[in-house]
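Trainee: Got a structure for you, written out below as structure tokens; questions coming shortly.
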Amino acid sequence: MILSAAALLREYGASATSIDRVLAHSGAPRGSVYHHFPGGRTELIDEAVALAGDFIAGLIDAAVQADDPVQAVDAFFALWRDRLVESGFRAGCPIVAVAVETNDDAPQLARSAAAVFARWQEALAALFVRHGLTEERSRRLGAFIIAAVEGAVIMCRAEQSTTPIEAAAAEIHDLLLHALRDRPGARPEPRP
């Protein structure tokens, strides 16, 4: 049910991810929802946010181990581009789906989404610190990259095109090359 809720969030958004839709998608019996999720729909969506957040965090954490931070970020953008194309531009980010809705009746969902975004940003910041950037610059770059990816995914879905994510990826690629080249203690590139 959690996987189904995450999949439905990606494609339809939070308000359209109802218990009935999750049950139809997952094939689970109705009674199992309230047995496993006594908090109902809110608890189920919160668990789906956590699951999706953990999945992407795992991808980021794997990229953080890379020797080349630029290549790691390029791969992160490529992953999203591929997901968009494979889904016919239907699949977005389930965390964004929760974050953009008001959720007045379940404010914890916005807090959960914020915690996921913070986790992703911290993982990217750790990558940049490990490669010699200051903590402040690394935190800003982490936030900027997450914002760029998420914004580009939304634009790609609207335009039914990979152009926005490809443009964002190219600009961030160049930005990271310059940031890493100009970091304190970096060796100048040899001149031809």
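Chain identifiers are assigned as A, B, and so on, following the order in which chains appear in the structure tokens; residues are numbered from 1 within each chain, and ligands are numbered from 1 in order of appearance.
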As a list in words, please: the residues near Arg111 (chain A) (cut-off 10 Å, only C-alpha atoms, same-chain neighbours under 6 positions excluded).

Mentor: Asp46, Val98, Ala99 and Phe117 of chain A

Trainee: Using only C-alpha atoms, which residues sit within 12 Å of Ile56 (chain A) once same-chain residues fewer than 2 positions away are excluded, as a ChimeraX atom specification?

Mentor: /A:49-54,58-63,76-77,79-80,93-95,116-117,119-121,123-124,146

Trainee: Compile the contact shell of Gly13 (chain A) as a PDB file with all heavy atoms, in the first residue's frame: residues with an atom at most 10 Å away, counting only C-alpha atoms, same-chain residues fewer than 4 positions apart removed.

Mentor:
ATOM      1  N   ALA A   5       0.808   4.097  -2.778  1.00  0.00           N
ATOM      2  CA  ALA A   5       0.577   5.499  -2.430  1.00  0.00           C
ATOM      3  C   ALA A   5       1.675   6.382  -3.009  1.00  0.00           C
ATOM      4  O   ALA A   5       1.389   7.448  -3.571  1.00  0.00           O
ATOM      5  CB  ALA A   5       0.493   5.665  -0.912  1.00  0.00           C
ATOM      6  N   ALA A   6       2.931   5.934  -2.921  1.00  0.00           N
ATOM      7  CA  ALA A   6       4.041   6.725  -3.485  1.00  0.00           C
ATOM      8  C   ALA A   6       3.893   6.853  -5.001  1.00  0.00           C
ATOM      9  O   ALA A   6       4.093   7.936  -5.559  1.00  0.00           O
ATOM     10  CB  ALA A   6       5.381   6.094  -3.122  1.00  0.00           C
ATOM     11  N   ALA A   7       3.541   5.760  -5.663  1.00  0.00           N
ATOM     12  CA  ALA A   7       3.357   5.798  -7.124  1.00  0.00           C
ATOM     13  C   ALA A   7       2.218   6.736  -7.505  1.00  0.00           C
ATOM     14  O   ALA A   7       2.330   7.508  -8.469  1.00  0.00           O
ATOM     15  CB  ALA A   7       3.096   4.391  -7.657  1.00  0.00           C
ATOM     16  N   LEU A   8       1.134   6.692  -6.759  1.00  0.00           N
ATOM     17  CA  LEU A   8      -0.002   7.564  -7.054  1.00  0.00           C
ATOM     18  C   LEU A   8       0.331   9.030  -6.771  1.00  0.00           C
ATOM     19  O   LEU A   8      -0.089   9.919  -7.524  1.00  0.00           O
ATOM     20  CB  LEU A   8      -1.226   7.116  -6.253  1.00  0.00           C
ATOM     21  CG  LEU A   8      -1.801   5.759  -6.674  1.00  0.00           C
ATOM     22  CD1 LEU A   8      -2.798   5.248  -5.648  1.00  0.00           C
ATOM     23  CD2 LEU A   8      -2.415   5.835  -8.067  1.00  0.00           C
ATOM     24  N   LEU A   9       1.085   9.288  -5.715  1.00  0.00           N
ATOM     25  CA  LEU A   9       1.525  10.660  -5.432  1.00  0.00           C
ATOM     26  C   LEU A   9       2.337  11.211  -6.597  1.00  0.00           C
ATOM     27  O   LEU A   9       2.159  12.363  -6.994  1.00  0.00           O
ATOM     28  CB  LEU A   9       2.366  10.711  -4.152  1.00  0.00           C
ATOM     29  CG  LEU A   9       1.633  10.579  -2.831  1.00  0.00           C
ATOM     30  CD1 LEU A   9       2.628  10.385  -1.693  1.00  0.00           C
ATOM     31  CD2 LEU A   9       0.761  11.791  -2.582  1.00  0.00           C
ATOM     32  N   THR A  17      -4.741  11.197  -4.196  1.00  0.00           N
ATOM     33  CA  THR A  17      -4.313   9.907  -3.664  1.00  0.00           C
ATOM     34  C   THR A  17      -5.213   9.550  -2.483  1.00  0.00           C
ATOM     35  O   THR A  17      -4.914   9.817  -1.336  1.00  0.00           O
ATOM     36  CB  THR A  17      -2.827   9.942  -3.261  1.00  0.00           C
ATOM     37  OG1 THR A  17      -2.058  10.305  -4.409  1.00  0.00           O
ATOM     38  CG2 THR A  17      -2.346   8.597  -2.761  1.00  0.00           C
ATOM     39  N   ALA A  91       5.286  10.912 -14.302  1.00  0.00           N
ATOM     40  CA  ALA A  91       5.847  10.721 -12.964  1.00  0.00           C
ATOM     41  C   ALA A  91       6.654  11.933 -12.525  1.00  0.00           C
ATOM     42  O   ALA A  91       7.626  12.307 -13.159  1.00  0.00           O
ATOM     43  CB  ALA A  91       6.724   9.474 -12.936  1.00  0.00           C
ATOM     44  N   GLY A  92       6.218  12.512 -11.451  1.00  0.00           N
ATOM     45  CA  GLY A  92       6.952  13.598 -10.824  1.00  0.00           C
ATOM     46  C   GLY A  92       7.494  13.125  -9.491  1.00  0.00           C
ATOM     47  O   GLY A  92       7.627  11.935  -9.242  1.00  0.00           O
ATOM     48  N   CYS A  93       7.767  14.057  -8.636  1.00  0.00           N
ATOM     49  CA  CYS A  93       8.314  13.741  -7.319  1.00  0.00           C
ATOM     50  C   CYS A  93       7.174  13.689  -6.297  1.00  0.00           C
ATOM     51  O   CYS A  93       6.450  14.670  -6.131  1.00  0.00           O
ATOM     52  CB  CYS A  93       9.330  14.798  -6.917  1.00  0.00           C
ATOM     53  SG  CYS A  93      10.002  14.540  -5.263  1.00  0.00           S
ATOM     54  N   PRO A  94       7.024  12.564  -5.590  1.00  0.00           N
ATOM     55  CA  PRO A  94       5.954  12.481  -4.604  1.00  0.00           C
ATOM     56  C   PRO A  94       6.124  13.466  -3.450  1.00  0.00           C
ATOM     57  O   PRO A  94       5.149  13.880  -2.831  1.00  0.00           O
ATOM     58  CB  PRO A  94       6.012  11.033  -4.114  1.00  0.00           C
ATOM     59  CG  PRO A  94       7.326  10.519  -4.526  1.00  0.00           C
ATOM     60  CD  PRO A  94       7.793  11.327  -5.691  1.00  0.00           C
ATOM     61  N   ILE A  95       7.350  13.871  -3.181  1.00  0.00           N
ATOM     62  CA  ILE A  95       7.587  14.828  -2.098  1.00  0.00           C
ATOM     63  C   ILE A  95       7.041  16.198  -2.503  1.00  0.00           C
ATOM     64  O   ILE A  95       6.382  16.874  -1.713  1.00  0.00           O
ATOM     65  CB  ILE A  95       9.093  14.926  -1.760  1.00  0.00           C
ATOM     66  CG1 ILE A  95       9.736  13.537  -1.609  1.00  0.00           C
ATOM     67  CG2 ILE A  95       9.308  15.777  -0.517  1.00  0.00           C
ATOM     68  CD1 ILE A  95       9.041  12.575  -0.696  1.00  0.00           C
ATOM     69  N   VAL A  96       7.275  16.589  -3.738  1.00  0.00           N
ATOM     70  CA  VAL A  96       6.725  17.844  -4.248  1.00  0.00           C
ATOM     71  C   VAL A  96       5.204  17.788  -4.230  1.00  0.00           C
ATOM     72  O   VAL A  96       4.538  18.761  -3.864  1.00  0.00           O
ATOM     73  CB  VAL A  96       7.243  18.154  -5.673  1.00  0.00           C
ATOM     74  CG1 VAL A  96       6.472  19.298  -6.310  1.00  0.00           C
ATOM     75  CG2 VAL A  96       8.719  18.482  -5.631  1.00  0.00           C
ATOM     76  N   ALA A  97       4.640  16.640  -4.604  1.00  0.00           N
ATOM     77  CA  ALA A  97       3.183  16.496  -4.637  1.00  0.00           C
ATOM     78  C   ALA A  97       2.574  16.806  -3.278  1.00  0.00           C
ATOM     79  O   ALA A  97       1.515  17.428  -3.187  1.00  0.00           O
ATOM     80  CB  ALA A  97       2.806  15.082  -5.074  1.00  0.00           C
ATOM     81  N   VAL A  98       3.251  16.411  -2.223  1.00  0.00           N
ATOM     82  CA  VAL A  98       2.763  16.681  -0.871  1.00  0.00           C
ATOM     83  C   VAL A  98       3.070  18.122  -0.465  1.00  0.00           C
ATOM     84  O   VAL A  98       2.248  18.801   0.137  1.00  0.00           O
ATOM     85  CB  VAL A  98       3.378  15.678   0.127  1.00  0.00           C
ATOM     86  CG1 VAL A  98       3.102  16.079   1.560  1.00  0.00           C
ATOM     87  CG2 VAL A  98       2.841  14.279  -0.143  1.00  0.00           C
ATOM     88  N   ALA A  99       4.245  18.605  -0.824  1.00  0.00           N
ATOM     89  CA  ALA A  99       4.682  19.938  -0.389  1.00  0.00           C
ATOM     90  C   ALA A  99       3.852  21.070  -0.989  1.00  0.00           C
ATOM     91  O   ALA A  99       3.651  22.092  -0.340  1.00  0.00           O
ATOM     92  CB  ALA A  99       6.151  20.135  -0.742  1.00  0.00           C
ATOM     93  N   VAL A 100       3.373  20.903  -2.207  1.00  0.00           N
ATOM     94  CA  VAL A 100       2.675  22.009  -2.876  1.00  0.00           C
ATOM     95  C   VAL A 100       1.214  22.152  -2.459  1.00  0.00           C
ATOM     96  O   VAL A 100       0.594  23.156  -2.774  1.00  0.00           O
ATOM     97  CB  VAL A 100       2.766  21.909  -4.422  1.00  0.00           C
ATOM     98  CG1 VAL A 100       4.201  21.974  -4.876  1.00  0.00           C
ATOM     99  CG2 VAL A 100       2.076  20.665  -4.939  1.00  0.00           C
ATOM    100  N   GLU A 101       0.688  21.171  -1.767  1.00  0.00           N
ATOM    101  CA  GLU A 101      -0.691  21.278  -1.311  1.00  0.00           C
ATOM    102  C   GLU A 101      -0.730  21.862   0.098  1.00  0.00           C
ATOM    103  O   GLU A 101       0.205  21.703   0.871  1.00  0.00           O
ATOM    104  CB  GLU A 101      -1.356  19.908  -1.360  1.00  0.00           C
ATOM    105  CG  GLU A 101      -1.454  19.430  -2.799  1.00  0.00           C
ATOM    106  CD  GLU A 101      -2.386  18.253  -2.980  1.00  0.00           C
ATOM    107  OE1 GLU A 101      -3.173  17.950  -2.070  1.00  0.00           O
ATOM    108  OE2 GLU A 101      -2.297  17.643  -4.044  1.00  0.00           O
TER     109      GLU A 101
END

Trainee: Mind checking which residues fall within 12 Å of Met155 (chain A), counting only C-alpha atoms, ignoring those fewer than 2 positions away in the same chain, and posting them as an mmCIF file with C-alpha atoms, in the first residue's frame?

Mentor:
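Okay, this is what ended up in result-v6.cif:
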data_model
loop_
_atom_site.group_PDB
_atom_site.id
_atom_site.type_symbol
_atom_site.label_atom_id
_atom_site.label_comp_id
_atom_site.auth_asym_id
_atom_site.auth_seq_id
_atom_site.Cartn_x
_atom_site.Cartn_y
_atom_site.Cartn_z
ATOM 1 C CA ARG A 81 15.243 12.796 -16.978
ATOM 2 C CA LEU A 84 10.218 11.446 -16.886
ATOM 3 C CA PHE A 89 6.106 12.725 -18.403
ATOM 4 C CA ARG A 90 3.517 11.514 -15.874
ATOM 5 C CA GLY A 92 6.952 13.598 -10.824
ATOM 6 C CA ALA A 148 16.660 23.106 -9.778
ATOM 7 C CA VAL A 149 15.883 19.400 -10.168
ATOM 8 C CA GLU A 150 12.421 19.699 -8.658
ATOM 9 C CA GLY A 151 11.568 22.810 -10.672
ATOM 10 C CA ALA A 152 12.870 21.236 -13.861
ATOM 11 C CA VAL A 153 10.805 18.075 -13.266
ATOM 12 C CA ARG A 157 5.850 17.512 -17.040
ATOM 13 C CA ALA A 158 4.053 20.678 -18.101
ATOM 14 C CA GLU A 159 5.952 20.989 -21.397
ATOM 15 C CA GLN A 160 6.116 17.244 -22.118
ATOM 16 C CA SER A 161 9.771 17.778 -22.908
ATOM 17 C CA THR A 162 13.174 17.084 -21.361
ATOM 18 C CA THR A 163 14.443 20.524 -22.380
ATOM 19 C CA PRO A 164 14.052 22.119 -18.907
ATOM 20 C CA ILE A 165 15.908 19.372 -17.067
ATOM 21 C CA GLU A 166 18.637 19.228 -19.701
ATOM 22 C CA ALA A 167 19.103 23.014 -19.454
ATOM 23 C CA ALA A 168 19.206 22.911 -15.646
#

Trainee: Have a look at CA of Glu43 (chain A) and CA of Glu11 (chain A) and let me know their distance in Å, one decimal.

Mentor: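 For CA of Glu43 (chain A) relative to CA of Glu11 (chain A), the distance reads 19.2 Å.
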
Trainee: Please compute the CA of Ala72 (chain A)-CA of Ser4 (chain A) distance, one decimal, in Å.

Mentor: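 Between CA of Ala72 (chain A) and CA of Ser4 (chain A) the gap works out to 28.7 Å.
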
Trainee: I'd like to know which of A:Pro184, A:Glu122, A:Arg137, A:Phe128 is closest to Ala57 (chain A), using only C-alpha atoms.

Mentor: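 Closest residue, counting only C-alpha atoms: A:Glu122.
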
Trainee: What separation in Å, quoted to one decimal, exists between CA of Thr134 (chain A) and CA of Arg183 (chain A)?

Mentor: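 A separation of 8.0 Å between them.
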
Trainee: As an NGL selection string, please: all residues of chain A that backbone DSSP puts in helix (DSSP H, G or I).

Mentor: :A and (2-12 or 19-26 or 30-36 or 40-64 or 69-86 or 94-99 or 107-130 or 135-159 or 163-181)
